[in-house]
Amino acid sequence: MRKAMVIGAMALAATLGSPAFADEFSGFRIGVSLSQDTFESDVSYLGYFDDVDTTRAGYSVFGGWALNKYLAVEVAYKGGGQFNQILASDGFFPTSRMRVRQEMKAVEGSVIGSWWVTDKFSVFGRAGLYAWKGEIIFAEDIDTTIETDPIFVDNFDDDGFEPILGFGVQTQLDGALLRLEYLMAETDDFGDASTDPSMLDNKLNSLQLSIVWILH
């Protein structure tokens, strides 16, 4: 349902552009961004479990084309550091714990619609699709009472193709745009409640700062 809503929003946005609005914003654009990415999930593996809420530093590089100052399309490559979390066992393994390390990269395509409050300041919304690939690594600390290296347990690969939504504010600089934006995506479950491991109710949120250069 959510994917259908995003695709519908993209189609609607495409009908709103008009060459009559073409101005200095039209044409190709490139940009970079830095972000704080937050990953939330209900993780369970080998008797360890937790509601994961972990962050990483992220980045993206992107390019696109603007019909005018109100409507643009962009394609971005996204990466960043690792999401790290420690799973508990609720007393079943009192002196051990499970470390989880997750890496995620993605390509995102989206449509951006802007509403200019003044000549220099606007709010905007984004709707698009998010193609991601990740690796999840589990390592166990057998005895936390002594200093030992974690023991590698297993690793798993996962990928998906999800809708992504965002909103933010932007201001016009000399030949560029400065943006502050919040992005939201929900990734598919990995396994289910009866499998081991399982990662359920996965959410990825990002707060990012971007600069966009307008190419004439």
# chains A, B, ... in the order shown; residues from 1 in each chain; ligands from 1
$ residues_around --residues "Trp132 of chain A" --least-positions-apart "5" --cutoff "6 Å" --atoms "only C-alpha atoms" --output "mmCIF file with C-alpha atoms, in the first residue's frame"
data_model
loop_
_atom_site.group_PDB
_atom_site.id
_atom_site.type_symbol
_atom_site.label_atom_id
_atom_site.label_comp_id
_atom_site.auth_asym_id
_atom_site.auth_seq_id
_atom_site.Cartn_x
_atom_site.Cartn_y
_atom_site.Cartn_z
ATOM 1 C CA LYS A 105 24.416 0.866 1.106
ATOM 2 C CA ALA A 106 21.703 2.085 -1.249
ATOM 3 C CA ASP A 159 18.581 -6.532 0.127
ATOM 4 C CA GLY A 160 15.338 -4.822 -0.815
#
$ closest_atom_pairs --of "segment 170-210 of chain A" --to "segment 64-73 of chain A" --cutoff "12 Å" --atoms "only C-alpha atoms" --output "Markdown table"
| residue | atom | partner | partner_atom | distance |
| --- | --- | --- | --- | --- |
| A:Gln170 | CA | A:Lys69 | CA | 11.6 |
| A:Thr171 | CA | A:Lys69 | CA | 11.7 |
| A:Gln172 | CA | A:Lys69 | CA | 10.5 |
| A:Ala176 | CA | A:Lys69 | CA | 11.8 |
| A:Leu177 | CA | A:Lys69 | CA | 10.7 |
$ closest_atom_pairs --of "segment 5-104 of chain A" --to "segment 180-185 of chain A" --cutoff "10 Å" --atoms "only C-alpha atoms" --output "tab-separated table"
residue	atom	partner	partner_atom	distance
A:Ser33	CA	A:Leu180	CA	9.5
A:Ser35	CA	A:Glu181	CA	9.2
A:Gln36	CA	A:Tyr182	CA	9.9
A:Asp37	CA	A:Leu183	CA	9.2
A:Thr38	CA	A:Met184	CA	9.7
A:Phe39	CA	A:Ala185	CA	9.9
$ write_last_selection --atoms "C-alpha atoms" --output "short mmCIF file (atom, residue, chain, number, x, y, z; two decimals), in the first residue's frame"
data_model
loop_
_atom_site.label_atom_id
_atom_site.label_comp_id
_atom_site.auth_asym_id
_atom_site.auth_seq_id
_atom_site.Cartn_x
_atom_site.Cartn_y
_atom_site.Cartn_z
CA SER A 33 25.15 15.37 1.99
CA SER A 35 23.63 12.58 7.73
CA GLN A 36 22.91 10.89 11.01
CA ASP A 37 21.17 7.61 10.17
CA THR A 38 19.09 5.72 12.74
CA PHE A 39 18.17 2.05 12.35
#
$ closest_residue --among "A:Thr145, A:Ser44, A:Gln82, A:Ser26" --to "Ser96 of chain A" --atoms "only C-alpha atoms"
A:Thr145
$ residues_around --residues "Phe49 of chain A" --least-positions-apart "3" --cutoff "6 Å" --atoms "only C-alpha atoms" --output "list in words"
Val43, Ser44, Leu87 and Ala88 of chain A
$ select_by_dssp --residues "segment 16-150 of chain A" --states "strand (DSSP E or B)" --output "MDAnalysis selection string"
chainID A and resid 27:45 48:66 71:80 83:88 97:116 121:141
$ residues_around --residues "Val75 of chain A" --least-positions-apart "4" --cutoff "6 Å" --atoms "only C-alpha atoms" --output "ChimeraX atom specification"
/A:62-63,108-109
$ residues_around --residues "Phe167 of chain A" --least-positions-apart "6" --cutoff "12 Å" --atoms "only C-alpha atoms" --output "PyMOL selection string"
chain A and resi 111-115+122-128+179-184+205-208
$ write_last_selection --atoms "C-alpha atoms" --output "compact mmCIF listing (two decimals), in the first residue's frame"
# COMPACT_ATOMS: atom_id res chain seq x y z
CA VAL A 111 11.00 13.37 -7.09
CA ILE A 112 11.23 16.62 -5.08
CA GLY A 113 8.48 19.21 -4.93
CA SER A 114 9.22 22.65 -3.41
CA TRP A 115 6.98 25.46 -2.18
CA SER A 122 11.23 27.07 0.81
CA VAL A 123 9.84 23.88 2.28
CA PHE A 124 9.94 20.71 0.20
CA GLY A 125 8.83 17.10 0.11
CA ARG A 126 10.41 14.02 -1.43
CA ALA A 127 8.92 10.72 -2.64
CA GLY A 128 10.97 7.96 -4.18
CA ARG A 179 19.01 21.82 2.65
CA LEU A 180 18.06 20.29 5.98
CA GLU A 181 15.95 17.18 5.51
CA TYR A 182 14.38 14.24 7.37
CA LEU A 183 14.02 10.94 5.46
CA MET A 184 12.04 7.81 6.36
CA ASN A 205 15.47 7.34 9.41
CA SER A 206 17.99 10.02 8.44
CA LEU A 207 18.54 13.65 9.35
CA GLN A 208 20.77 15.08 6.65
$ closest_residue --among "A:Val117, A:Leu46, A:Ala193, A:Leu204" --to "Gly166 of chain A" --atoms "only C-alpha atoms"
A:Leu204
$ atom_distance --atom1 "atom CA of Phe83 of chain A" --atom2 "atom CA of Thr54 of chain A"
6.0 Å
$ atom_distance --atom1 "atom CA of Val100 of chain A" --atom2 "atom CA of Tyr59 of chain A"
21.6 Å
$ atom_distance --atom1 "atom CA of Asp154 of chain A" --atom2 "atom CA of Glu135 of chain A"
10.6 Å
